[in-house]
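S.K.: Provided herewith: start_15.tsv, TSV, C-alpha atoms and all ligand atoms.
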chain	number	residue	atom	x	y	z
A	1	MET	CA	16.41	12.26	-10.60
A	2	ASN	CA	14.13	13.01	-7.64
A	3	ILE	CA	12.33	9.84	-6.64
A	4	VAL	CA	9.65	9.68	-3.93
A	5	VAL	CA	8.58	6.36	-2.48
A	6	CYS	CA	5.27	6.19	-0.62
A	7	ILE	CA	5.33	3.62	2.16
A	8	LYS	CA	2.84	2.47	4.75
A	9	GLN	CA	3.39	0.86	8.13
A	10	VAL	CA	1.18	-2.21	8.52
A	11	PRO	CA	0.67	-4.90	11.20
A	12	GLY	CA	3.30	-7.63	10.82
A	13	THR	CA	0.75	-10.36	11.49
A	14	THR	CA	-2.58	-11.57	10.12
A	15	LYS	CA	-3.80	-12.11	13.69
A	16	VAL	CA	-5.09	-8.58	14.24
A	17	LYS	CA	-8.21	-8.28	16.37
A	18	ILE	CA	-11.08	-5.82	16.09
A	19	ASN	CA	-12.42	-4.00	19.13
A	20	PRO	CA	-16.09	-5.12	19.10
A	21	GLU	CA	-17.28	-1.83	20.64
A	22	THR	CA	-15.46	0.69	18.46
A	23	GLY	CA	-14.98	-1.48	15.34
A	24	THR	CA	-11.34	-0.33	15.11
A	25	LEU	CA	-8.18	-2.44	14.91
A	26	ILE	CA	-6.49	-3.28	18.20
A	27	ARG	CA	-2.93	-2.20	17.38
A	28	ASP	CA	-1.50	-2.42	20.92
A	29	GLY	CA	1.19	-5.06	21.18
A	30	VAL	CA	1.02	-5.82	17.46
A	31	GLU	CA	4.38	-5.72	15.69
A	32	ALA	CA	4.44	-3.18	12.82
A	33	VAL	CA	6.43	-3.56	9.60
A	34	VAL	CA	6.87	-1.80	6.28
A	35	ASN	CA	4.12	-2.92	3.89
A	36	PRO	CA	5.90	-5.71	1.94
A	37	PHE	CA	4.95	-4.28	-1.49
A	38	ASP	CA	6.56	-1.00	-0.45
A	39	GLU	CA	9.89	-2.75	0.08
A	40	TYR	CA	9.84	-3.58	-3.65
A	41	ALA	CA	9.07	0.09	-4.32
A	42	ILE	CA	12.05	1.20	-2.19
A	43	GLU	CA	14.34	-1.35	-3.87
A	44	GLU	CA	13.32	-0.18	-7.36
A	45	ALA	CA	13.95	3.45	-6.39
A	46	LEU	CA	17.42	2.53	-5.13
A	47	ARG	CA	18.19	0.64	-8.35
A	48	ILE	CA	17.07	3.61	-10.48
A	49	ARG	CA	19.24	5.94	-8.37
A	50	GLU	CA	22.19	3.59	-8.83
A	51	LYS	CA	21.64	3.68	-12.61
A	52	VAL	CA	20.88	7.34	-13.30
A	53	GLY	CA	21.78	9.13	-10.05
A	54	GLY	CA	19.50	11.21	-7.88
A	55	VAL	CA	17.83	11.27	-4.50
A	56	VAL	CA	15.39	8.79	-2.95
A	57	LYS	CA	12.89	10.32	-0.51
A	58	VAL	CA	10.52	8.11	1.46
A	59	ILE	CA	7.24	9.47	2.73
A	60	THR	CA	4.50	8.04	4.90
A	61	MET	CA	1.30	9.33	6.42
A	62	GLY	CA	0.64	7.88	9.82
A	63	PRO	CA	0.95	8.28	13.58
A	64	PRO	CA	4.35	9.15	15.16
A	65	GLN	CA	5.29	5.46	15.45
A	66	ALA	CA	5.28	5.19	11.62
A	67	GLU	CA	8.73	6.77	11.96
A	68	THR	CA	10.06	3.22	12.45
A	69	ALA	CA	8.97	2.32	8.90
A	70	LEU	CA	10.84	5.35	7.56
A	71	ARG	CA	13.98	4.34	9.46
A	72	SER	CA	13.77	0.86	7.89
A	73	ALA	CA	13.72	2.51	4.46
A	74	ILE	CA	16.75	4.64	5.37
A	75	ALA	CA	18.51	1.46	6.52
A	76	MET	CA	17.88	-0.04	3.07
A	77	GLY	CA	19.48	3.02	1.47
A	78	ALA	CA	16.91	5.82	1.08
A	79	ASP	CA	18.33	9.34	1.45
A	80	GLU	CA	15.58	11.33	3.16
A	81	ALA	CA	12.49	10.54	5.23
A	82	TYR	CA	9.22	12.45	5.66
A	83	LEU	CA	6.42	11.71	8.11
A	84	ILE	CA	3.04	13.30	7.36
A	85	SER	CA	1.44	13.33	10.76
A	86	ASP	CA	-1.23	15.41	12.43
A	87	ARG	CA	-4.32	14.73	14.51
A	88	ALA	CA	-6.30	16.44	11.73
A	89	PHE	CA	-5.67	13.35	9.55
A	90	ALA	CA	-7.39	10.90	11.93
A	91	GLY	CA	-10.15	8.85	10.33
A	92	SER	CA	-8.90	9.36	6.75
A	93	ASP	CA	-10.31	6.95	4.19
A	94	THR	CA	-8.39	6.19	0.98
A	95	TRP	CA	-9.69	9.39	-0.66
A	96	ALA	CA	-8.50	11.65	2.17
A	97	THR	CA	-5.27	9.64	2.48
A	98	SER	CA	-4.54	10.11	-1.24
A	99	TYR	CA	-5.25	13.83	-0.94
A	100	THR	CA	-3.05	14.26	2.14
A	101	VAL	CA	-0.15	12.20	0.74
A	102	SER	CA	-0.35	14.15	-2.54
A	103	ARG	CA	-0.18	17.46	-0.66
A	104	GLY	CA	2.72	16.14	1.43
A	105	ILE	CA	4.60	15.25	-1.76
A	106	GLN	CA	4.05	18.79	-3.05
A	107	THR	CA	6.16	20.11	-0.16
A	108	LEU	CA	9.19	18.09	-1.35
A	109	GLY	CA	10.05	20.31	-4.32
A	110	LYS	CA	10.73	18.90	-7.80
A	111	VAL	CA	9.64	15.29	-8.15
A	112	ASP	CA	10.32	13.18	-11.25
A	113	LEU	CA	9.03	9.78	-10.25
A	114	ILE	CA	6.74	8.56	-7.46
A	115	ILE	CA	6.76	4.84	-6.65
A	116	CYS	CA	4.10	3.07	-4.57
A	117	GLY	CA	3.48	-0.55	-3.72
A	118	LYS	CA	0.68	-2.32	-5.59
A	119	GLN	CA	-1.41	-2.38	-2.43
A	120	ALA	CA	-1.18	-2.36	1.35
A	121	ILE	CA	-1.61	-5.79	2.94
A	122	ASP	CA	-3.98	-4.46	5.61
A	123	GLY	CA	-6.30	-2.00	3.81
A	124	ASP	CA	-5.82	-3.93	0.56
A	125	THR	CA	-7.64	-1.41	-1.64
A	126	ALA	CA	-4.79	-0.53	-4.06
A	127	GLN	CA	-6.41	2.92	-4.34
A	128	VAL	CA	-3.81	5.22	-2.80
A	129	GLY	CA	-1.18	5.05	-5.60
A	130	PRO	CA	-3.59	5.95	-8.43
A	131	GLY	CA	-5.37	8.39	-6.06
A	132	VAL	CA	-2.15	10.30	-5.37
A	133	ALA	CA	-1.37	10.49	-9.11
A	134	GLU	CA	-4.85	11.81	-9.90
A	135	MET	CA	-4.69	14.41	-7.15
A	136	LEU	CA	-1.33	15.63	-8.43
A	137	GLY	CA	-2.57	15.61	-12.03
A	138	LEU	CA	0.16	13.12	-13.01
A	139	PRO	CA	0.04	10.09	-15.33
A	140	TYR	CA	0.52	6.67	-13.74
A	141	VAL	CA	1.00	3.01	-14.53
A	142	ALA	CA	-0.12	0.41	-11.97
A	143	TRP	CA	1.19	-3.15	-11.52
A	144	VAL	CA	4.67	-2.53	-12.93
A	145	ARG	CA	6.81	-5.69	-13.03
A	146	LYS	CA	9.87	-4.22	-14.80
A	147	VAL	CA	11.40	-0.83	-15.53
A	148	GLU	CA	12.88	-1.24	-19.01
A	149	GLU	CA	14.17	2.28	-19.50
A	150	ILE	CA	14.17	5.57	-17.63
A	151	THR	CA	15.40	9.00	-18.68
A	152	ASP	CA	14.71	12.53	-17.37
A	153	SER	CA	11.68	12.77	-19.64
A	154	HIS	CA	10.10	9.32	-19.76
A	155	ILE	CA	9.89	5.83	-18.33
A	156	ARG	CA	9.16	2.58	-20.20
A	157	VAL	CA	7.77	-0.25	-18.09
A	158	GLU	CA	6.22	-3.67	-18.28
A	159	ARG	CA	2.77	-3.75	-16.69
A	160	LEU	CA	1.66	-7.13	-15.39
A	161	MET	CA	-1.61	-8.32	-16.91
A	162	GLU	CA	-3.67	-11.44	-16.24
A	163	GLU	CA	-2.18	-13.13	-19.29
A	164	GLY	CA	1.24	-11.68	-20.10
A	165	TYR	CA	2.23	-8.03	-19.88
A	166	ASP	CA	1.91	-4.65	-21.62
A	167	VAL	CA	4.85	-2.40	-22.47
A	168	VAL	CA	3.88	1.16	-21.54
A	169	GLU	CA	5.83	4.37	-22.05
A	170	MET	CA	4.87	7.30	-19.86
A	171	PRO	CA	6.19	10.87	-19.69
A	172	LEU	CA	7.75	12.01	-16.42
A	173	PRO	CA	6.91	13.26	-13.87
A	174	GLY	CA	4.62	10.32	-13.20
A	175	LEU	CA	3.77	7.56	-10.75
A	176	ILE	CA	4.10	3.79	-10.87
A	177	THR	CA	2.86	1.11	-8.50
A	178	VAL	CA	4.96	-2.05	-8.37
A	179	VAL	CA	4.32	-5.78	-7.96
A	180	LYS	CA	6.59	-8.26	-6.24
A	181	GLU	CA	7.87	-9.68	-9.54
A	182	ILE	CA	9.87	-6.48	-10.10
A	183	ASN	CA	12.91	-7.26	-7.92
A	184	THR	CA	14.21	-8.81	-4.71
A	185	PRO	CA	14.46	-6.18	-1.96
A	186	ARG	CA	17.91	-5.94	-0.40
A	187	MET	CA	18.59	-6.53	3.27
A	188	ALA	CA	19.62	-3.49	5.26
A	189	SER	CA	23.39	-3.34	5.79
A	190	LEU	CA	24.95	-2.71	9.19
A	191	LYS	CA	26.10	0.71	7.94
A	192	GLY	CA	22.54	1.42	6.78
A	193	LYS	CA	21.11	0.43	10.16
A	194	MET	CA	23.57	2.72	11.95
A	195	LYS	CA	22.65	5.60	9.62
A	196	ALA	CA	18.94	4.94	10.16
A	197	LYS	CA	19.27	5.23	13.94
A	198	SER	CA	20.35	8.86	13.81
A	199	ALA	CA	18.65	9.89	10.55
A	200	GLN	CA	16.51	13.01	10.63
A	201	ILE	CA	12.81	12.36	10.18
A	202	ASN	CA	11.17	15.44	8.68
A	203	ILE	CA	7.68	16.04	10.01
A	204	ILE	CA	5.00	17.44	7.73
A	205	ASN	CA	1.83	18.53	9.50
A	206	ALA	CA	-1.38	20.12	8.26
A	207	SER	CA	-0.04	23.66	8.67
A	208	SER	CA	3.11	22.94	6.65
A	209	MET	CA	1.12	21.88	3.57
A	210	GLN	CA	-1.17	23.84	1.26
A	211	VAL	CA	-4.38	22.03	2.08
A	212	ASP	CA	-8.12	22.50	2.18
A	213	MET	CA	-8.80	21.57	5.83
A	214	ALA	CA	-12.29	20.32	4.87
A	215	ARG	CA	-10.68	17.55	2.81
A	216	LEU	CA	-8.66	16.11	5.69
A	217	GLY	CA	-9.40	13.28	8.11
A	218	LEU	CA	-12.86	11.97	8.89
A	219	LYS	CA	-14.70	15.04	7.56
A	220	GLY	CA	-12.85	14.80	4.25
A	221	SER	CA	-13.67	11.09	3.93
A	222	PRO	CA	-16.67	10.11	1.80
A	223	THR	CA	-16.47	6.50	3.06
A	224	GLN	CA	-18.46	5.73	6.21
A	225	VAL	CA	-17.79	2.49	8.06
A	226	LEU	CA	-21.17	1.45	9.48
A	227	ARG	CA	-20.01	-1.68	11.26
A	228	SER	CA	-16.92	-3.90	11.53
A	229	PHE	CA	-17.34	-7.43	12.76
A	230	VAL	CA	-15.66	-10.80	12.86
A	231	PRO	CA	-17.73	-13.29	10.82
A	232	GLU	CA	-19.39	-16.02	12.88
A	233	ARG	CA	-17.49	-19.29	12.80
A	234	LYS	CA	-19.55	-21.88	10.95
A	235	THR	CA	-19.70	-25.49	12.15
A	236	GLY	CA	-17.66	-28.07	10.26
A	237	GLY	CA	-20.64	-29.53	8.35
A	238	GLU	CA	-21.26	-33.17	7.66
A	239	LYS	CA	-19.03	-35.40	5.56
A	240	ILE	CA	-20.86	-37.91	3.39
A	241	LYS	CA	-18.70	-40.90	2.54
A	242	ASP	CA	-20.35	-43.66	0.57
A	243	GLU	CA	-20.82	-45.12	-2.89
A	244	LEU	CA	-21.39	-42.36	-5.44
A	245	PRO	CA	-25.15	-42.96	-6.07
A	246	VAL	CA	-25.80	-43.14	-2.30
A	247	MET	CA	-23.82	-39.95	-1.75
A	248	VAL	CA	-25.82	-38.15	-4.46
A	249	ASP	CA	-29.11	-39.28	-2.86
A	250	LYS	CA	-28.01	-38.16	0.60
A	251	LEU	CA	-26.79	-34.82	-0.75
A	252	LYS	CA	-30.07	-34.31	-2.59
A	253	SER	CA	-32.18	-35.00	0.48
A	254	THR	CA	-29.94	-32.77	2.65
A	255	ILE	CA	-30.34	-29.88	0.18
A	256	LEU	CA	-34.13	-30.44	0.07
A	257	ASP	CA	-34.28	-30.57	3.89
A	258	LEU	CA	-32.45	-27.24	4.09
A	259	GLY	CA	-35.04	-25.71	1.75
A	260	ILE	CA	-32.37	-24.17	-0.46
A	261	VAL	CA	-34.07	-25.58	-3.61
A	262	LYS	CA	-37.50	-27.07	-4.13
B	1	LIG	C1	-13.81	5.58	6.95
B	1	LIG	C2	-12.38	5.16	7.12
B	1	LIG	C3	-11.68	5.63	8.22
B	1	LIG	C4	-10.36	5.27	8.39
B	1	LIG	N1	-9.70	5.73	9.47
B	1	LIG	C5	-8.42	5.42	9.66
B	1	LIG	C6	-7.71	5.92	10.80
B	1	LIG	O1	-8.25	6.64	11.61
B	1	LIG	N2	-6.39	5.54	10.94
B	1	LIG	C7	-5.78	4.73	10.02
B	1	LIG	O2	-4.60	4.41	10.19
B	1	LIG	N3	-6.43	4.25	8.94
B	1	LIG	C8	-7.73	4.57	8.74
B	1	LIG	N4	-8.39	4.09	7.67
B	1	LIG	C9	-7.66	3.25	6.71
B	1	LIG	C10	-6.96	4.15	5.71
B	1	LIG	O3	-7.88	4.88	4.95
B	1	LIG	C11	-6.17	3.29	4.73
B	1	LIG	O4	-5.30	2.50	5.50
B	1	LIG	C12	-5.35	4.14	3.80
B	1	LIG	O5	-6.17	4.97	3.02
B	1	LIG	C13	-4.54	3.30	2.84
B	1	LIG	O6	-5.40	2.47	2.12
B	1	LIG	P1	-4.95	1.00	1.87
B	1	LIG	O7	-4.47	0.44	3.15
B	1	LIG	O8	-6.03	0.30	1.14
B	1	LIG	O9	-3.68	1.20	0.91
B	1	LIG	P2	-3.49	0.85	-0.62
B	1	LIG	O10	-4.24	1.81	-1.45
B	1	LIG	O11	-3.74	-0.61	-0.86
B	1	LIG	O12	-1.93	1.14	-0.72
B	1	LIG	C14	-1.28	1.22	-1.99
B	1	LIG	C15	0.04	1.94	-1.83
B	1	LIG	O13	-0.21	3.30	-1.50
B	1	LIG	C16	0.82	3.76	-0.61
B	1	LIG	N5	0.20	4.13	0.68
B	1	LIG	C17	-0.91	3.60	1.27
B	1	LIG	N6	-1.13	4.18	2.45
B	1	LIG	C18	-0.16	5.10	2.63
B	1	LIG	C19	0.17	6.01	3.66
B	1	LIG	N7	-0.56	6.09	4.78
B	1	LIG	N8	1.25	6.79	3.51
B	1	LIG	C20	2.01	6.73	2.38
B	1	LIG	N9	1.77	5.87	1.36
B	1	LIG	C21	0.70	5.08	1.49
B	1	LIG	C22	1.80	2.61	-0.46
B	1	LIG	O14	2.78	2.73	-1.45
B	1	LIG	C23	0.94	1.39	-0.72
B	1	LIG	O15	1.67	0.28	-1.16
B	1	LIG	C24	-9.71	4.41	7.46
B	1	LIG	C25	-10.44	3.93	6.36
B	1	LIG	C26	-11.75	4.29	6.20
B	1	LIG	C27	-12.49	3.73	5.02
Represent the structure of the file as structure tokens.
Ligand SMILES: Cc1cc2nc3c(=O)[nH]c(=O)nc-3n(C[C@H](O)[C@H](O)[C@H](O)COP(=O)(O)OP(=O)(O)OC[C@H]3O[C@@H](n4cnc5c(N)ncnc54)[C@H](O)[C@@H]3O)c2cc1C

M.R.:
Amino acid sequence: MNIVVCIKQVPGTTKVKINPETGTLIRDGVEAVVNPFDEYAIEEALRIREKVGGVVKVITMGPPQAETALRSAIAMGADEAYLISDRAFAGSDTWATSYTVSRGIQTLGKVDLIICGKQAIDGDTAQVGPGVAEMLGLPYVAWVRKVEEITDSHIRVERLMEEGYDVVEMPLPGLITVVKEINTPRMASLKGKMKAKSAQINIINASSMQVDMARLGLKGSPTQVLRSFVPERKTGGEKIKDELPVMVDKLKSTILDLGIVK
């Protein structure tokens, strides 16, 4: 079975700052890690390979330093790594990212199953998995919490719902996005880390894919960011501590003073 896992490199901290002039993230000096949900995706791919055999390929679209994320996946046990990287991809929104990742996957030959994380912890949109499936014309199931059965022709999964879960059977090739309930990602072994150091990272650029150049990067992105800003810090407010009727009266007069209600 040919399994492709889509991974994203994300900041390893919530303390990222935004450049007030350009509105972009200040990435300098910020530690980067594999998106945590993608570690569950890698783990599930490895478990499926252990069960039915096959090859696990990891792919990411990002700048050259995203190579580190691919090496982490190799250290966990993935077989091959692909970095989709080109200046033409700069400024991609989720639409252009989904298009580019889908075209990158097309260069990998026969694919049976694509696994993505539920969402990236920085962009947080959860759009890229379903977007990739749509752009490849494949069926998909999002929010998978368990793979019950997998054969060459189909996969049966449990999809997490707000109350309980659905059991869904889908023909392959197809795509799933996974939630953290699905497994516990393994730690990289020493042997894996050694292998990762010297592993070949295959570069896919715009000219090595069959792409419509107009759909790449900023010009292929229908989303326009008008402004990014850090919300103003509000003052702590006033605590009213008293007997209940007194508190209600004070609250009422405060609300009236503010002119929120008449
Ligand atoms: C107008 C605009 C311009 C932007 N410009 C840039 C830019 O110049 N540089 C930049 O880095 N970001 C840029 N972004 C952000 C970028 O579009 C998103 O980070 C990217 O589309 C992924 O979206 P997400 O983080 O919401 O991922 P989600 O959709 O939440 O991710 C879900 C899953 O999809 C897979 N996935 C997500 N991203 C990738 C990836 N890159 N490679 C492989 N698999 C992936 C993973 O499995 C992940 O778990 C821009 C966004 C907008 C709106």

S.K.: Which polymer residues have any atom within 12 Å of an atom of A:Leu190, counting all atoms listed in the file, with same-chain residues fewer than 4 positions away left out, as a list in words?

M.R.: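 Within the cut-off, the hits are Ser72, Ile74, Ala75, Met76, Gly77, Met194, Lys195, Ala196 and Lys197 of chain A.
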
S.K.: For A:Asp86, which residue among A:Thr254, A:Thr151, A:Thr100, A:Thr223 is the nearest when counting all atoms listed in the file?

M.R.: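 Of A:Thr254, A:Thr151, A:Thr100, A:Thr223, the one nearest A:Asp86, counting all atoms listed in the file, is A:Thr100.
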
S.K.: Using all atoms listed in the file, determine which residues fall within 8 Å of ligand LIG 1 (chain B), then list them as a PDB file with C-alpha atoms, keeping the file's coordinate frame.

M.R.:
ATOM      1  CA  VAL A   5       8.580   6.360  -2.480  1.00  0.00           C
ATOM      2  CA  CYS A   6       5.270   6.190  -0.620  1.00  0.00           C
ATOM      3  CA  ILE A   7       5.330   3.620   2.160  1.00  0.00           C
ATOM      4  CA  LYS A   8       2.840   2.470   4.750  1.00  0.00           C
ATOM      5  CA  GLN A   9       3.390   0.860   8.130  1.00  0.00           C
ATOM      6  CA  ASN A  35       4.120  -2.920   3.890  1.00  0.00           C
ATOM      7  CA  PRO A  36       5.900  -5.710   1.940  1.00  0.00           C
ATOM      8  CA  PHE A  37       4.950  -4.280  -1.490  1.00  0.00           C
ATOM      9  CA  ASP A  38       6.560  -1.000  -0.450  1.00  0.00           C
ATOM     10  CA  ALA A  41       9.070   0.090  -4.320  1.00  0.00           C
ATOM     11  CA  ILE A  59       7.240   9.470   2.730  1.00  0.00           C
ATOM     12  CA  THR A  60       4.500   8.040   4.900  1.00  0.00           C
ATOM     13  CA  MET A  61       1.300   9.330   6.420  1.00  0.00           C
ATOM     14  CA  GLY A  62       0.640   7.880   9.820  1.00  0.00           C
ATOM     15  CA  PRO A  63       0.950   8.280  13.580  1.00  0.00           C
ATOM     16  CA  ILE A  84       3.040  13.300   7.360  1.00  0.00           C
ATOM     17  CA  PHE A  89      -5.670  13.350   9.550  1.00  0.00           C
ATOM     18  CA  ALA A  90      -7.390  10.900  11.930  1.00  0.00           C
ATOM     19  CA  GLY A  91     -10.150   8.850  10.330  1.00  0.00           C
ATOM     20  CA  SER A  92      -8.900   9.360   6.750  1.00  0.00           C
ATOM     21  CA  ASP A  93     -10.310   6.950   4.190  1.00  0.00           C
ATOM     22  CA  THR A  94      -8.390   6.190   0.980  1.00  0.00           C
ATOM     23  CA  TRP A  95      -9.690   9.390  -0.660  1.00  0.00           C
ATOM     24  CA  ALA A  96      -8.500  11.650   2.170  1.00  0.00           C
ATOM     25  CA  THR A  97      -5.270   9.640   2.480  1.00  0.00           C
ATOM     26  CA  SER A  98      -4.540  10.110  -1.240  1.00  0.00           C
ATOM     27  CA  VAL A 101      -0.150  12.200   0.740  1.00  0.00           C
ATOM     28  CA  ILE A 115       6.760   4.840  -6.650  1.00  0.00           C
ATOM     29  CA  CYS A 116       4.100   3.070  -4.570  1.00  0.00           C
ATOM     30  CA  GLY A 117       3.480  -0.550  -3.720  1.00  0.00           C
ATOM     31  CA  LYS A 118       0.680  -2.320  -5.590  1.00  0.00           C
ATOM     32  CA  GLN A 119      -1.410  -2.380  -2.430  1.00  0.00           C
ATOM     33  CA  ALA A 120      -1.180  -2.360   1.350  1.00  0.00           C
ATOM     34  CA  ILE A 121      -1.610  -5.790   2.940  1.00  0.00           C
ATOM     35  CA  ASP A 122      -3.980  -4.460   5.610  1.00  0.00           C
ATOM     36  CA  GLY A 123      -6.300  -2.000   3.810  1.00  0.00           C
ATOM     37  CA  ASP A 124      -5.820  -3.930   0.560  1.00  0.00           C
ATOM     38  CA  THR A 125      -7.640  -1.410  -1.640  1.00  0.00           C
ATOM     39  CA  ALA A 126      -4.790  -0.530  -4.060  1.00  0.00           C
ATOM     40  CA  GLN A 127      -6.410   2.920  -4.340  1.00  0.00           C
ATOM     41  CA  VAL A 128      -3.810   5.220  -2.800  1.00  0.00           C
ATOM     42  CA  GLY A 129      -1.180   5.050  -5.600  1.00  0.00           C
ATOM     43  CA  THR A 177       2.860   1.110  -8.500  1.00  0.00           C
ATOM     44  CA  GLY A 217      -9.400  13.280   8.110  1.00  0.00           C
ATOM     45  CA  LEU A 218     -12.860  11.970   8.890  1.00  0.00           C
ATOM     46  CA  SER A 221     -13.670  11.090   3.930  1.00  0.00           C
ATOM     47  CA  PRO A 222     -16.670  10.110   1.800  1.00  0.00           C
ATOM     48  CA  THR A 223     -16.470   6.500   3.060  1.00  0.00           C
ATOM     49  CA  GLN A 224     -18.460   5.730   6.210  1.00  0.00           C
ATOM     50  CA  VAL A 225     -17.790   2.490   8.060  1.00  0.00           C
TER      51      VAL A 225
END

S.K.: Find the distance between atom CA of A:Val230 and atom CA of A:Gly12 and write it in Å to one decimal.

M.R.: 19.3 Å

S.K.: One decimal, in Å: what's the spacing between atom CA of A:Gly174 and atom CA of A:Ala133?

M.R.: 7.3 Å

S.K.: Which residue, A:Leu108, A:Val178, A:Ala45, A:Val167, has the smallest gap to A:Met209 when you use all atoms listed in the file?

M.R.: A:Leu108

S.K.: Quick one, how far is atom CA of A:Glu31 from atom CA of A:Leu226?

M.R.: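 Spanning atom CA of A:Glu31 to atom CA of A:Leu226 is a straight-line distance of 27.3 Å.
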
S.K.: When you count all atoms listed in the file, which of these residues is closest to A:Thr13: A:Val58, A:Val144, A:Ile26, A:Val33?

M.R.: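 Smallest separation from A:Thr13 among the options: A:Val33.
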
S.K.: Where's the centre, and what are the edge lengths in Å to one decimal, of a box along x, y and z enclosing all listed atoms of stretch 243-256 of chain A padded 5 Å per side, as lines of an AutoDock Vina configuration file?

M.R.:
center_x = -27.5
center_y = -37.5
center_z = -1.7
size_x = 23.3
size_y = 25.2
size_z = 18.7

S.K.: Nearest residue to A:Ala66 out of A:Leu136, A:Lys219, A:Leu46, A:Ile201, using only C-alpha atoms?

M.R.: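 Going through A:Leu136, A:Lys219, A:Leu46, A:Ile201 one by one, the smallest distance to A:Ala66 is for A:Ile201.
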
S.K.: Which residue out of A:Asp112, A:Ile48, A:Met161, A:Arg103 has the minimum interatomic distance to A:Glu148 when all atoms listed in the file are used?

M.R.: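 Ranking A:Asp112, A:Ile48, A:Met161, A:Arg103 by distance to A:Glu148, first place goes to A:Ile48.
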
S.K.: For A:Arg49, which residue out of A:Thr14, A:Ala142, A:Arg27, A:Ile150 is the nearest one, using only C-alpha atoms?

M.R.: A:Ile150

S.K.: Can you pull out every residue within 7 Å of A:Val55, counting all atoms listed in the file, but drop anything in the same chain fewer than 6 positions away, and send it as a VMD selection string?

M.R.: chain A and resid 1 to 3 49 79
